[in-house]
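*Asks:* See final.txt below, with compact mmCIF, C-alpha atoms.
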```txt
# COMPACT_ATOMS: atom_id res chain seq x y z
CA MET A 1 32.04 9.10 -36.24
CA LYS A 2 28.26 9.23 -35.91
CA ARG A 3 28.58 11.17 -32.66
CA PHE A 4 30.91 13.68 -34.34
CA VAL A 5 28.44 14.16 -37.20
CA ARG A 6 25.62 14.70 -34.67
CA PHE A 7 27.82 17.21 -32.84
CA ILE A 8 28.51 19.16 -36.05
CA LYS A 9 24.76 19.26 -36.72
CA SER A 10 24.18 20.55 -33.20
CA GLN A 11 26.63 23.38 -33.85
CA ALA A 12 24.96 24.42 -37.10
CA SER A 13 23.97 27.82 -35.69
CA VAL A 14 27.59 28.65 -34.72
CA LEU A 15 28.95 27.58 -38.11
CA LEU A 16 26.19 29.46 -39.95
CA LEU A 17 26.90 32.62 -37.95
CA PHE A 18 30.63 32.24 -38.72
CA ALA A 19 29.93 31.84 -42.47
CA ILE A 20 27.59 34.87 -42.56
CA PHE A 21 30.09 36.97 -40.60
CA SER A 22 32.95 35.98 -42.96
CA LEU A 23 30.98 36.65 -46.15
CA THR A 24 29.70 39.99 -44.84
CA PHE A 25 33.21 41.23 -44.06
CA LEU A 26 34.47 39.89 -47.41
CA CYS A 27 31.85 41.94 -49.25
CA ILE A 28 32.74 45.04 -47.20
CA PHE A 29 36.47 44.64 -47.95
CA ILE A 30 35.84 44.15 -51.68
CA LEU A 31 33.41 47.06 -52.02
CA ALA A 32 35.59 49.37 -49.95
CA GLY A 33 38.71 48.32 -51.87
CA LEU A 34 40.53 47.50 -48.60
CA ASP A 35 43.69 45.43 -48.41
CA MET A 36 42.65 41.75 -48.34
CA ILE A 37 45.67 40.89 -46.17
CA PHE A 38 43.85 42.41 -43.18
CA TYR A 39 40.71 40.43 -44.04
CA PHE A 40 42.53 37.10 -44.09
CA LEU A 41 44.33 38.00 -40.89
CA ALA A 42 41.03 38.80 -39.18
CA LEU A 43 39.52 35.62 -40.66
CA GLN A 44 42.32 33.51 -39.16
CA ILE A 45 41.82 35.06 -35.72
CA ILE A 46 38.04 34.53 -35.84
CA THR A 47 38.51 30.97 -37.11
CA PHE A 48 40.86 30.27 -34.21
CA PHE A 49 38.32 31.47 -31.64
CA VAL A 50 35.52 29.52 -33.37
CA LEU A 51 37.62 26.36 -33.21
CA ILE A 52 38.31 26.95 -29.50
CA LEU A 53 34.53 27.39 -28.96
CA LEU A 54 33.80 24.21 -30.91
CA LEU A 55 36.38 22.27 -28.88
CA ILE A 56 34.82 23.48 -25.61
CA ASN A 57 31.33 22.62 -26.87
CA PHE A 58 32.54 19.22 -28.07
CA SER A 59 33.96 18.47 -24.63
CA LYS A 60 30.63 19.39 -23.05
CA TYR A 61 28.82 17.36 -25.67
CA LYS A 62 30.89 14.27 -24.79
CA GLU A 63 30.15 14.74 -21.09
CA GLU A 64 26.44 15.05 -21.85
CA LEU A 65 26.56 11.85 -23.88
CA ILE A 66 28.32 10.02 -21.04
CA ILE A 67 25.74 11.27 -18.54
CA LYS A 68 22.95 10.31 -20.94
CA ASP A 69 24.38 6.81 -21.38
CA LYS A 70 24.69 6.39 -17.61
CA TYR A 71 21.13 7.66 -17.13
CA GLU A 72 19.78 5.22 -19.72
CA ALA A 73 21.77 2.39 -18.12
CA LEU A 74 20.33 3.30 -14.70
CA LEU A 75 16.82 3.43 -16.15
CA PHE A 76 17.29 -0.01 -17.67
CA GLU A 77 18.75 -1.38 -14.43
CA ASN A 78 15.90 0.17 -12.42
CA LYS A 79 13.33 -1.32 -14.77
CA SER A 80 15.02 -4.71 -14.53
CA LEU A 81 15.22 -4.56 -10.73
CA ARG A 82 11.59 -3.44 -10.52
CA SER A 83 10.54 -6.31 -12.75
CA ASP A 84 12.52 -8.79 -10.61
CA PHE A 85 11.07 -7.28 -7.42
CA ILE A 86 7.48 -7.54 -8.68
CA SER A 87 8.11 -11.11 -9.82
CA ASN A 88 9.70 -12.13 -6.52
CA LYS A 89 6.97 -10.35 -4.54
CA LYS A 90 4.30 -12.15 -6.53
CA ASP A 91 6.04 -15.51 -6.02
CA LEU A 92 6.36 -14.86 -2.27
CA GLU A 93 2.71 -13.82 -1.96
CA GLU A 94 1.57 -16.87 -3.92
CA TYR A 95 3.69 -19.08 -1.68
CA PHE A 96 2.27 -17.66 1.55
CA LEU A 97 -1.26 -17.79 0.15
CA LEU A 98 -0.73 -21.47 -0.73
CA TRP A 99 0.86 -22.10 2.69
CA ALA A 100 -2.06 -20.44 4.48
CA HIS A 101 -4.54 -22.62 2.58
CA GLN A 102 -2.52 -25.76 3.20
CA ILE A 103 -2.14 -25.18 6.94
CA LYS A 104 -5.92 -24.99 7.28
CA THR A 105 -6.14 -28.73 6.49
CA PRO A 106 -4.37 -29.98 9.65
CA ILE A 107 -6.27 -27.35 11.66
CA THR A 108 -9.57 -28.76 10.40
CA VAL A 109 -8.45 -32.33 11.15
CA ALA A 110 -7.39 -31.32 14.68
CA LYS A 111 -10.78 -29.69 15.26
CA LEU A 112 -12.61 -32.85 14.12
CA ILE A 113 -10.55 -34.96 16.52
CA LEU A 114 -11.12 -32.56 19.42
CA ASN A 115 -14.86 -32.41 18.78
CA LYS A 116 -15.04 -36.02 19.97
CA LYS A 117 -13.74 -35.01 23.40
CA THR A 118 -15.51 -32.89 25.98
CA ASP A 119 -13.02 -32.37 28.83
CA GLU A 120 -11.85 -28.88 29.89
CA ASP A 121 -8.42 -29.17 28.27
CA SER A 122 -10.03 -30.08 24.96
CA LYS A 123 -12.27 -27.01 25.14
CA ARG A 124 -9.27 -24.81 25.78
CA LEU A 125 -7.32 -26.43 22.96
CA LYS A 126 -10.27 -26.01 20.59
CA GLU A 127 -10.34 -22.32 21.44
CA GLU A 128 -6.62 -21.93 20.69
CA ILE A 129 -6.96 -23.82 17.40
CA PHE A 130 -9.87 -21.56 16.54
CA PHE A 131 -7.62 -18.50 16.98
CA ILE A 132 -4.85 -20.15 14.93
CA GLU A 133 -7.38 -20.60 12.15
CA GLN A 134 -8.46 -16.98 12.46
CA TYR A 135 -4.85 -15.76 12.25
CA THR A 136 -4.45 -17.88 9.12
CA ASN A 137 -7.58 -16.35 7.61
CA MET A 138 -6.28 -12.92 8.56
CA ALA A 139 -3.05 -13.58 6.65
CA ILE A 140 -5.05 -14.72 3.60
CA ASN A 141 -7.28 -11.63 3.78
CA TYR A 142 -4.24 -9.38 4.15
CA LEU A 143 -2.61 -10.85 1.02
CA ARG A 144 -5.84 -10.61 -0.96
CA ILE A 145 -6.58 -7.03 0.05
CA SER A 146 -2.98 -5.94 -0.56
CA ASN A 147 -3.21 -7.23 -4.14
CA ARG A 148 -6.84 -6.55 -4.91
CA GLY A 149 -7.90 -4.84 -8.11
CA PRO A 150 -9.82 -1.56 -8.29
CA ASP A 151 -13.20 -3.28 -8.75
CA MET A 152 -15.63 -4.03 -5.91
CA ASP A 153 -18.72 -6.23 -5.77
CA LEU A 154 -21.14 -3.55 -4.62
CA ASP A 155 -24.69 -4.50 -3.73
CA TYR A 156 -27.30 -4.07 -1.02
CA VAL A 157 -25.96 -5.79 2.09
CA ASP A 158 -28.09 -6.84 5.05
CA LEU A 159 -26.12 -5.92 8.18
CA ASP A 160 -28.00 -8.49 10.28
CA GLU A 161 -26.92 -11.30 7.97
CA ILE A 162 -23.27 -10.32 8.28
CA VAL A 163 -23.42 -9.86 12.07
CA LYS A 164 -25.26 -13.16 12.64
CA GLU A 165 -22.79 -15.08 10.47
CA ILE A 166 -19.85 -13.68 12.46
CA LEU A 167 -21.56 -14.38 15.81
CA LYS A 168 -22.28 -17.95 14.74
CA LYS A 169 -18.63 -18.39 13.80
CA TYR A 170 -17.43 -17.08 17.19
CA SER A 171 -20.14 -18.74 19.31
CA ILE A 172 -17.63 -21.24 20.73
CA ILE A 173 -15.55 -18.35 22.14
CA PHE A 174 -18.62 -16.69 23.68
CA ILE A 175 -19.57 -19.99 25.32
CA ASN A 176 -16.10 -20.99 26.53
CA LYS A 177 -15.35 -17.53 27.98
CA LYS A 178 -18.93 -17.18 29.32
CA ILE A 179 -19.30 -13.73 27.77
CA SER A 180 -22.85 -12.47 27.36
CA LEU A 181 -24.04 -10.94 24.09
CA ASN A 182 -26.34 -7.94 23.78
CA TYR A 183 -27.63 -7.77 20.24
CA GLU A 184 -30.92 -6.76 18.73
CA PRO A 185 -31.74 -6.96 15.01
CA ILE A 186 -30.48 -3.92 13.11
CA ASN A 187 -32.99 -4.14 10.23
CA ARG A 188 -30.79 -2.10 7.95
CA LYS A 189 -29.33 -2.58 4.48
CA ILE A 190 -26.44 -0.61 3.06
CA ILE A 191 -24.63 -0.44 -0.26
CA SER A 192 -21.25 -2.13 0.13
CA ASP A 193 -19.01 -5.08 -0.69
CA SER A 194 -20.29 -7.85 1.58
CA LYS A 195 -16.98 -9.78 1.75
CA LEU A 196 -14.87 -6.77 2.65
CA LEU A 197 -17.44 -5.46 5.13
CA SER A 198 -17.63 -8.90 6.75
CA ILE A 199 -13.83 -9.02 7.18
CA MET A 200 -13.86 -5.53 8.63
CA LEU A 201 -16.59 -6.21 11.18
CA GLU A 202 -15.20 -9.64 12.06
CA GLN A 203 -11.84 -8.14 13.06
CA ILE A 204 -13.56 -5.73 15.46
CA ILE A 205 -15.73 -8.44 17.05
CA ALA A 206 -12.74 -10.82 17.26
CA ASN A 207 -10.73 -8.12 19.02
CA ALA A 208 -13.54 -7.50 21.48
CA LEU A 209 -13.64 -11.22 22.33
CA LYS A 210 -9.88 -11.49 22.50
CA TYR A 211 -9.47 -8.79 25.13
CA THR A 212 -12.64 -9.44 27.12
CA GLU A 213 -12.27 -12.05 29.86
CA LYS A 214 -15.61 -11.46 31.54
CA GLY A 215 -18.69 -9.31 31.11
CA SER A 216 -20.44 -8.64 27.84
CA ILE A 217 -20.20 -7.51 24.24
CA SER A 218 -22.90 -5.27 22.79
CA ILE A 219 -23.64 -4.67 19.11
CA THR A 220 -25.92 -1.71 18.40
CA TYR A 221 -26.88 0.45 15.43
CA SER A 222 -28.17 4.03 15.41
CA MET A 223 -27.62 7.23 13.44
CA ASP A 224 -25.72 5.37 10.67
CA ARG A 225 -23.24 4.02 13.25
CA LEU A 226 -22.64 0.36 13.99
CA ARG A 227 -21.09 0.06 17.46
CA VAL A 228 -19.27 -2.87 19.05
CA ILE A 229 -18.91 -2.26 22.79
CA ASP A 230 -17.01 -4.58 25.13
CA THR A 231 -16.19 -4.71 28.83
CA GLY A 232 -12.61 -5.77 28.21
CA ILE A 233 -9.25 -4.54 29.45
CA GLY A 234 -9.42 -1.33 27.42
CA ILE A 235 -6.72 0.46 25.42
CA ARG A 236 -4.19 2.90 26.81
CA SER A 237 -4.63 6.48 25.57
CA GLU A 238 -1.07 6.57 24.21
CA ASP A 239 -1.84 3.50 22.07
CA LEU A 240 -5.11 4.77 20.58
CA ARG A 241 -3.46 6.81 17.80
CA LYS A 242 -1.34 3.86 16.66
CA ILE A 243 -3.62 0.84 16.94
CA PHE A 244 -4.50 1.01 13.21
CA ASP A 245 -0.83 1.01 12.14
CA ARG A 246 0.39 -2.17 10.48
CA GLY A 247 2.32 -4.38 12.86
CA TYR A 248 1.51 -2.28 15.92
CA SER A 249 0.25 -4.49 18.75
CA GLY A 250 0.36 -1.96 21.59
CA PHE A 251 0.71 -2.68 25.29
CA ASN A 252 -2.20 -5.15 25.38
CA GLY A 253 -0.82 -7.19 22.52
CA ARG A 254 2.63 -7.42 24.10
CA VAL A 255 1.27 -8.41 27.51
CA ASN A 256 -1.23 -10.98 26.23
CA GLN A 257 0.85 -12.12 23.25
CA LYS A 258 -2.33 -12.37 21.20
CA SER A 259 -1.92 -9.57 18.70
CA SER A 260 -0.47 -9.85 15.19
CA GLY A 261 -0.77 -6.12 14.50
CA LEU A 262 -2.75 -6.86 11.32
CA GLY A 263 -6.39 -6.97 12.43
CA LEU A 264 -7.06 -3.29 13.02
CA TYR A 265 -4.76 -2.36 10.13
CA LEU A 266 -7.10 -4.36 7.87
CA VAL A 267 -10.10 -2.59 9.44
CA LYS A 268 -8.67 0.84 8.58
CA LYS A 269 -7.56 -0.22 5.09
CA ILE A 270 -10.95 -1.73 4.22
CA GLY A 271 -12.64 1.34 5.70
CA LYS A 272 -10.80 3.53 3.20
CA ILE A 273 -11.77 1.22 0.35
CA LEU A 274 -15.46 1.15 1.33
CA ASN A 275 -15.60 4.78 2.47
CA ILE A 276 -16.58 3.71 5.98
CA GLY A 277 -15.23 5.71 8.91
CA VAL A 278 -13.79 4.03 12.00
CA GLU A 279 -13.71 5.56 15.46
CA VAL A 280 -12.65 4.14 18.81
CA GLU A 281 -13.15 5.18 22.42
CA SER A 282 -11.60 3.24 25.28
CA THR A 283 -10.98 3.34 29.00
CA ILE A 284 -8.51 1.07 30.78
CA HIS A 285 -10.23 -1.67 32.85
CA VAL A 286 -13.63 -0.48 31.63
CA GLY A 287 -13.77 -1.44 27.97
CA SER A 288 -13.71 -0.21 24.39
CA GLU A 289 -16.21 1.02 21.82
CA PHE A 290 -15.51 0.70 18.10
CA SER A 291 -17.82 2.50 15.69
CA LEU A 292 -18.27 1.97 11.96
CA ILE A 293 -19.65 5.16 10.44
CA PHE A 294 -21.59 4.71 7.21
CA PRO A 295 -22.00 7.74 4.92
CA ASN A 296 -25.56 8.74 4.05
CA ASN A 297 -25.13 7.77 0.40
CA LEU A 298 -24.43 4.16 1.49
CA THR A 299 -27.33 3.82 3.91
CA LYS A 300 -30.19 5.47 2.04
CA MET A 301 -32.33 2.88 0.31
```
Is it possible to give me this structure as structure tokens?
*Replies:*
Amino acid sequence: MKRFVRFIKSQASVLLLFAIFSLTFLCIFILAGLDMIFYFLALQIITFFVLILLLINFSKYKEELIIKDKYEALLFENKSLRSDFISNKKDLEEYFLLWAHQIKTPITVAKLILNKKTDEDSKRLKEEIFFIEQYTNMAINYLRISNRGPDMDLDYVDLDEIVKEILKKYSIIFINKKISLNYEPINRKIISDSKLLSIMLEQIIANALKYTEKGSISITYSMDRLRVIDTGIGIRSEDLRKIFDRGYSGFNGRVNQKSSGLGLYLVKKIGKILNIGVEVESTIHVGSEFSLIFPNNLTKM
């Protein structure tokens, strides 16, 4: 009944026009002294057509209401599904974050046990455990960055402090693989988020170590560019455009089975957040050069 009342209200213009038309012709017939039989006959015909029009409009009105009800039901279902998806996604992320933290405990214990041994196998095992720990940290960083808020902890960051901390962390890999390091103090501060910048640079240095079996790794800074240059296996030209895609490990990753496809994706993602450009040049069997390009507004003190 309510819908019918709303429909009648929606057709107020048609009914008003019909009433005006009827009254106008009634006045004309009375003033002209015409036979009222013709008026009532004409009124019946017009009323019939108005009723037909109202029936057609009512049918359309019902269809519109059905479509509207379906649309509202879909909106509600979509909202409900979205809410469930966000809730499930949050639960899954919290679980993996908890798992990543928990798995670090046995890794730490294993490292403490291995530190008591000095044979070659123990050194190799310590290196592999180190990479397991780094992959775990990478997963934690990925989850945190994927769900980070819009705020950043911006401050003056000493590039030497970040580089030295990373080199200290990876010193065991440099020693075990007998890779030489070429690094001179940068003596430069920039405006950035130290944690995010550290993750970004660590991924590049870790990659250089991962794919360099002999030779050296150089870290230089000039013209607002921080370069990490290795003498590793290099990257194929057809892989260069895709190495920053999430999950893409490329030919080197498939051959060496060392790539998760997340490291360089994090580098690119953090670069966008911090407004730091990333460029790469590489030659197969010669090595690769990764450059972090800092805008002038971040490097001027």
*Asks:* What residues have an atom no more than 8 Å from (-20.3, -4.9, 24.2) in the file's own frame, counting only C-alpha atoms, and can you write them as a PDB file with C-alpha atoms, in the frame of the given file?
*Replies:*
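What ended up in point.pdb:
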```pdb
ATOM      1  CA  LEU A 181     -24.040 -10.940  24.090  1.00  0.00           C
ATOM      2  CA  ASN A 182     -26.340  -7.940  23.780  1.00  0.00           C
ATOM      3  CA  ALA A 208     -13.540  -7.500  21.480  1.00  0.00           C
ATOM      4  CA  SER A 216     -20.440  -8.640  27.840  1.00  0.00           C
ATOM      5  CA  ILE A 217     -20.200  -7.510  24.240  1.00  0.00           C
ATOM      6  CA  SER A 218     -22.900  -5.270  22.790  1.00  0.00           C
ATOM      7  CA  ILE A 219     -23.640  -4.670  19.110  1.00  0.00           C
ATOM      8  CA  VAL A 228     -19.270  -2.870  19.050  1.00  0.00           C
ATOM      9  CA  ILE A 229     -18.910  -2.260  22.790  1.00  0.00           C
ATOM     10  CA  ASP A 230     -17.010  -4.580  25.130  1.00  0.00           C
ATOM     11  CA  THR A 231     -16.190  -4.710  28.830  1.00  0.00           C
ATOM     12  CA  GLU A 289     -16.210   1.020  21.820  1.00  0.00           C
TER      13      GLU A 289
END
```
*Asks:* Between A:Leu17, A:Val109, A:Ala139, A:Leu154, which residue has the minimum interatomic distance to Gly263 in chain A, considering only C-alpha atoms?
*Replies:* A:Ala139
*Asks:* As a list in words, please: the residues near range 163-173 of chain A (cut-off 7 Å, all atoms listed in the file, same-chain neighbours under 4 positions excluded).
*Replies:*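 Here the qualifying residues turn out to be Glu127, Leu159, Lys177 and Glu202 of chain A.
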*Asks:* What is the CA of Val50 in chain A-CA of Ala12 in chain A distance in Å, reported with one decimal?
*Replies:*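 Straight-line distance from CA of Val50 in chain A to CA of Ala12 in chain A works out to 12.3 Å.
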*Asks:* Closest to Arg227 in chain A among A:Leu264, A:Val14, A:Ile28, A:Leu292, using all atoms listed in the file?
*Replies:*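 Checking each candidate against Arg227 in chain A, we get A:Leu292 as the closest.
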*Asks:* Return the single residue from A:Leu43, A:Ile67, A:Leu143, A:Ile243 that is closest to Phe18 in chain A, with distances computed using all atoms listed in the file.
*Replies:*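 Among A:Leu43, A:Ile67, A:Leu143, A:Ile243, it is A:Leu43 that comes nearest to Phe18 in chain A.
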